Amino acid sequence: MIYKEKFRPGLKDVGKGNKIKNRALLEFLENIGAYHSDMAGYGANDTEKTNVGWILLDWKLEVINRPKYGGVLNINTWGKGMNKFFTYRDFEIYDENNNLCAIATSKWALIDIRSRKMTRLTEEMVNSYKLEEKDVFSKRELDKIKEPEEYSSSITYTVLRRDIDINKHMHNLYYLDLAYEALPEEIYNQRPFDNVRITYKKEIKLGETVVCKYAKIKNEHIIVIKSQDEKIIHAIITLK
């Protein structure tokens, strides 16, 4: 089943040249995925009954024709490729004239909200989402991102209350915010970046201090978010 919604970007969603920011695009995608789960019976309001919830493991976004402020976006999403522990969800974003603006894919895991551990997807759950075989990218599996051997700069950040979501950890969109903050000024001014990849490895909780380290490899900007002692990698973000 392909689930569809319309979104009208607001002023907070606008970046350079009145064009829609990557963060806003990902927020729209996150929301439509949540709406689809609501309809399937596994949304935020269903957790008391199901005792399970979704956690995001990976984003891949490619902007083909960046939309500008003032229009309506038509977004499609569908679930695909569910196995025992993971599932993928794809997205298409169109403008009012049915021009394809962006495509994205994401990888999710199901957790038991009481134990906070991963749990298996059931046949009933798979059937409720009415999976599609369509892929927006030619390759379904998301390649692993390697950590750079050297970095050119870094910043630190302590997680605040405003960063915490309903799962009691830093919300996934704030990882992209941190990545932008870690960019050197001359790189930051090159935005928007039309290719975004975020791999989440370990949750960040309230009050934790993280180190955001930056490196450039060829034409790719890589930000690695680590624990304060740099022993744990929380996420790796690439922009190009």
# chains A, B, ... in the order shown; residues from 1 in each chain; ligands from 1
>>> select_by_dssp(residues="range 46-199 of chain A", states="strand (DSSP E)", output="JSON, numbers by chain")
{"A": [52, 53, 54, 55, 56, 57, 58, 59, 60, 61, 62, 63, 73, 74, 75, 76, 77, 78, 79, 80, 86, 87, 88, 89, 90, 91, 92, 93, 94, 100, 101, 102, 103, 104, 105, 106, 107, 108, 109, 110, 111, 112, 117, 118, 153, 154, 155, 156, 157, 158, 195, 196, 197, 198, 199]}
>>> residues_around(residues="Gly79 in chain A", least_positions_apart="6", cutoff="7 Å", atoms="only C-alpha atoms", output="ChimeraX atom specification")
/A:88-90,129,131-132
>>> write_last_selection(atoms="all heavy atoms", output="tab-separated table (two decimals), in the first residue's frame")
chain	number	residue	atom	x	y	z
A	88	TYR	N	12.21	-1.70	5.88
A	88	TYR	CA	12.58	-0.50	5.13
A	88	TYR	C	11.32	0.27	4.76
A	88	TYR	O	10.25	-0.30	4.59
A	88	TYR	CB	13.35	-0.87	3.87
A	88	TYR	CG	14.73	-1.44	4.14
A	88	TYR	CD1	14.91	-2.80	4.37
A	88	TYR	CD2	15.85	-0.62	4.17
A	88	TYR	CE1	16.16	-3.32	4.63
A	88	TYR	CE2	17.11	-1.13	4.41
A	88	TYR	CZ	17.25	-2.48	4.64
A	88	TYR	OH	18.50	-3.00	4.90
A	89	ARG	N	11.50	1.59	4.64
A	89	ARG	CA	10.40	2.45	4.21
A	89	ARG	C	10.95	3.45	3.19
A	89	ARG	O	11.96	4.11	3.43
A	89	ARG	CB	9.79	3.19	5.41
A	89	ARG	CG	8.74	4.24	5.02
A	89	ARG	CD	8.11	4.88	6.24
A	89	ARG	NE	7.26	3.94	6.96
A	89	ARG	CZ	6.03	3.60	6.59
A	89	ARG	NH1	5.49	4.13	5.50
A	89	ARG	NH2	5.33	2.77	7.31
A	90	ASP	N	10.28	3.54	2.04
A	90	ASP	CA	10.69	4.46	0.98
A	90	ASP	C	9.73	5.63	0.87
A	90	ASP	O	8.57	5.57	1.33
A	90	ASP	CB	10.77	3.75	-0.36
A	90	ASP	CG	12.08	3.00	-0.55
A	90	ASP	OD1	12.85	2.90	0.42
A	90	ASP	OD2	12.33	2.51	-1.67
A	129	TYR	N	0.64	-3.57	7.17
A	129	TYR	CA	1.27	-2.48	6.40
A	129	TYR	C	1.10	-2.66	4.89
A	129	TYR	O	1.38	-1.74	4.13
A	129	TYR	CB	2.76	-2.37	6.74
A	129	TYR	CG	3.02	-1.61	8.01
A	129	TYR	CD1	3.11	-2.26	9.24
A	129	TYR	CD2	3.16	-0.23	8.00
A	129	TYR	CE1	3.35	-1.57	10.41
A	129	TYR	CE2	3.40	0.48	9.18
A	129	TYR	CZ	3.49	-0.19	10.37
A	129	TYR	OH	3.72	0.51	11.54
A	131	LEU	N	2.73	-4.39	2.32
A	131	LEU	CA	4.03	-4.01	1.77
A	131	LEU	C	4.01	-3.90	0.25
A	131	LEU	O	3.26	-4.59	-0.44
A	131	LEU	CB	5.09	-5.01	2.20
A	131	LEU	CG	5.25	-5.25	3.70
A	131	LEU	CD1	6.42	-6.17	3.95
A	131	LEU	CD2	5.43	-3.94	4.44
A	132	GLU	N	4.90	-3.05	-0.23
A	132	GLU	CA	5.11	-2.87	-1.67
A	132	GLU	C	6.50	-3.40	-2.03
A	132	GLU	O	7.39	-3.48	-1.19
A	132	GLU	CB	5.03	-1.39	-2.04
A	132	GLU	CG	3.67	-0.75	-1.78
A	132	GLU	CD	2.64	-1.13	-2.83
A	132	GLU	OE1	3.05	-1.48	-3.95
A	132	GLU	OE2	1.43	-1.07	-2.51
>>> residues_around(residues="Trp78 in chain A", least_positions_apart="3", cutoff="10 Å", atoms="only C-alpha atoms", output="ChimeraX atom specification")
/A:1-4,32-33,36,88-92,105,129-135
>>> atom_distance(atom1="CA of Trp54 in chain A", atom2="CA of Arg120 in chain A")
11.5 Å
>>> closest_atom_pairs(of="range 38-61 of chain A", to="range 158-170 of chain A", cutoff="12 Å", atoms="only C-alpha atoms", output="Markdown table")
| residue | atom | partner | partner_atom | distance |
| --- | --- | --- | --- | --- |
| A:Ala44 | CA | A:Ile166 | CA | 8.8 |
| A:Asn45 | CA | A:Ile166 | CA | 11.3 |
| A:Thr47 | CA | A:Asn167 | CA | 11.2 |
| A:Val52 | CA | A:Asn167 | CA | 11.2 |
| A:Gly53 | CA | A:Asn167 | CA | 8.7 |
| A:Trp54 | CA | A:Asn167 | CA | 9.4 |
| A:Ile55 | CA | A:Asn167 | CA | 8.6 |
| A:Leu56 | CA | A:Asn167 | CA | 11.2 |
>>> write_last_selection(atoms="all heavy atoms", output="PDB file, in the first residue's frame")
ATOM      1  N   ALA A  44       2.005   5.844  17.566  1.00  0.00           N
ATOM      2  CA  ALA A  44       2.337   6.319  18.914  1.00  0.00           C
ATOM      3  C   ALA A  44       1.197   6.106  19.903  1.00  0.00           C
ATOM      4  O   ALA A  44       1.440   5.856  21.094  1.00  0.00           O
ATOM      5  CB  ALA A  44       2.706   7.802  18.846  1.00  0.00           C
ATOM      6  N   ASN A  45      -0.040   6.205  19.449  1.00  0.00           N
ATOM      7  CA  ASN A  45      -1.181   6.033  20.350  1.00  0.00           C
ATOM      8  C   ASN A  45      -1.526   4.570  20.618  1.00  0.00           C
ATOM      9  O   ASN A  45      -2.426   4.284  21.415  1.00  0.00           O
ATOM     10  CB  ASN A  45      -2.416   6.734  19.771  1.00  0.00           C
ATOM     11  CG  ASN A  45      -2.325   8.238  19.885  1.00  0.00           C
ATOM     12  OD1 ASN A  45      -1.674   8.763  20.778  1.00  0.00           O
ATOM     13  ND2 ASN A  45      -2.982   8.945  18.974  1.00  0.00           N
ATOM     14  N   THR A  47       0.858   2.221  21.521  1.00  0.00           N
ATOM     15  CA  THR A  47       1.922   1.525  22.253  1.00  0.00           C
ATOM     16  C   THR A  47       1.443   0.875  23.551  1.00  0.00           C
ATOM     17  O   THR A  47       1.977  -0.160  23.948  1.00  0.00           O
ATOM     18  CB  THR A  47       3.083   2.489  22.566  1.00  0.00           C
ATOM     19  OG1 THR A  47       2.578   3.631  23.263  1.00  0.00           O
ATOM     20  CG2 THR A  47       3.780   2.941  21.289  1.00  0.00           C
ATOM     21  N   VAL A  52       4.999  -2.112  21.698  1.00  0.00           N
ATOM     22  CA  VAL A  52       6.142  -2.013  20.791  1.00  0.00           C
ATOM     23  C   VAL A  52       6.177  -0.628  20.158  1.00  0.00           C
ATOM     24  O   VAL A  52       5.171   0.088  20.105  1.00  0.00           O
ATOM     25  CB  VAL A  52       6.103  -3.087  19.675  1.00  0.00           C
ATOM     26  CG1 VAL A  52       6.226  -4.478  20.260  1.00  0.00           C
ATOM     27  CG2 VAL A  52       4.848  -2.955  18.824  1.00  0.00           C
ATOM     28  N   GLY A  53       7.353  -0.252  19.682  1.00  0.00           N
ATOM     29  CA  GLY A  53       7.515   1.022  18.999  1.00  0.00           C
ATOM     30  C   GLY A  53       8.649   0.928  17.994  1.00  0.00           C
ATOM     31  O   GLY A  53       9.480   0.011  18.046  1.00  0.00           O
ATOM     32  N   TRP A  54       8.691   1.892  17.077  1.00  0.00           N
ATOM     33  CA  TRP A  54       9.696   1.882  16.026  1.00  0.00           C
ATOM     34  C   TRP A  54      10.877   2.780  16.391  1.00  0.00           C
ATOM     35  O   TRP A  54      10.695   3.861  16.933  1.00  0.00           O
ATOM     36  CB  TRP A  54       9.088   2.380  14.714  1.00  0.00           C
ATOM     37  CG  TRP A  54       8.042   1.492  14.139  1.00  0.00           C
ATOM     38  CD1 TRP A  54       6.689   1.689  14.150  1.00  0.00           C
ATOM     39  CD2 TRP A  54       8.244   0.250  13.456  1.00  0.00           C
ATOM     40  NE1 TRP A  54       6.040   0.647  13.536  1.00  0.00           N
ATOM     41  CE2 TRP A  54       6.970  -0.255  13.094  1.00  0.00           C
ATOM     42  CE3 TRP A  54       9.386  -0.490  13.135  1.00  0.00           C
ATOM     43  CZ2 TRP A  54       6.816  -1.453  12.412  1.00  0.00           C
ATOM     44  CZ3 TRP A  54       9.226  -1.686  12.449  1.00  0.00           C
ATOM     45  CH2 TRP A  54       7.952  -2.155  12.094  1.00  0.00           C
ATOM     46  N   ILE A  55      12.091   2.329  16.072  1.00  0.00           N
ATOM     47  CA  ILE A  55      13.263   3.187  16.187  1.00  0.00           C
ATOM     48  C   ILE A  55      13.945   3.248  14.818  1.00  0.00           C
ATOM     49  O   ILE A  55      14.020   2.254  14.097  1.00  0.00           O
ATOM     50  CB  ILE A  55      14.254   2.713  17.266  1.00  0.00           C
ATOM     51  CG1 ILE A  55      14.733   1.289  17.004  1.00  0.00           C
ATOM     52  CG2 ILE A  55      13.650   2.849  18.646  1.00  0.00           C
ATOM     53  CD1 ILE A  55      15.886   0.871  17.882  1.00  0.00           C
ATOM     54  N   LEU A  56      14.438   4.428  14.486  1.00  0.00           N
ATOM     55  CA  LEU A  56      15.061   4.663  13.190  1.00  0.00           C
ATOM     56  C   LEU A  56      16.541   4.298  13.240  1.00  0.00           C
ATOM     57  O   LEU A  56      17.260   4.692  14.159  1.00  0.00           O
ATOM     58  CB  LEU A  56      14.891   6.138  12.812  1.00  0.00           C
ATOM     59  CG  LEU A  56      15.464   6.594  11.481  1.00  0.00           C
ATOM     60  CD1 LEU A  56      14.824   5.861  10.315  1.00  0.00           C
ATOM     61  CD2 LEU A  56      15.262   8.105  11.328  1.00  0.00           C
TER      62      LEU A  56
END
>>> closest_atom_pairs(of="range 51-99 of chain A", to="range 179-197 of chain A", cutoff="8 Å", atoms="only C-alpha atoms", output="CSV")
residue,atom,partner,partner_atom,distance
A:Asp58,CA,A:Arg197,CA,7.5
A:Trp59,CA,A:Arg197,CA,5.4
A:Lys60,CA,A:Arg197,CA,4.6
A:Leu61,CA,A:Val196,CA,5.1
A:Glu62,CA,A:Asn195,CA,4.7
A:Val63,CA,A:Asp194,CA,4.8
A:Ile64,CA,A:Asp194,CA,7.3
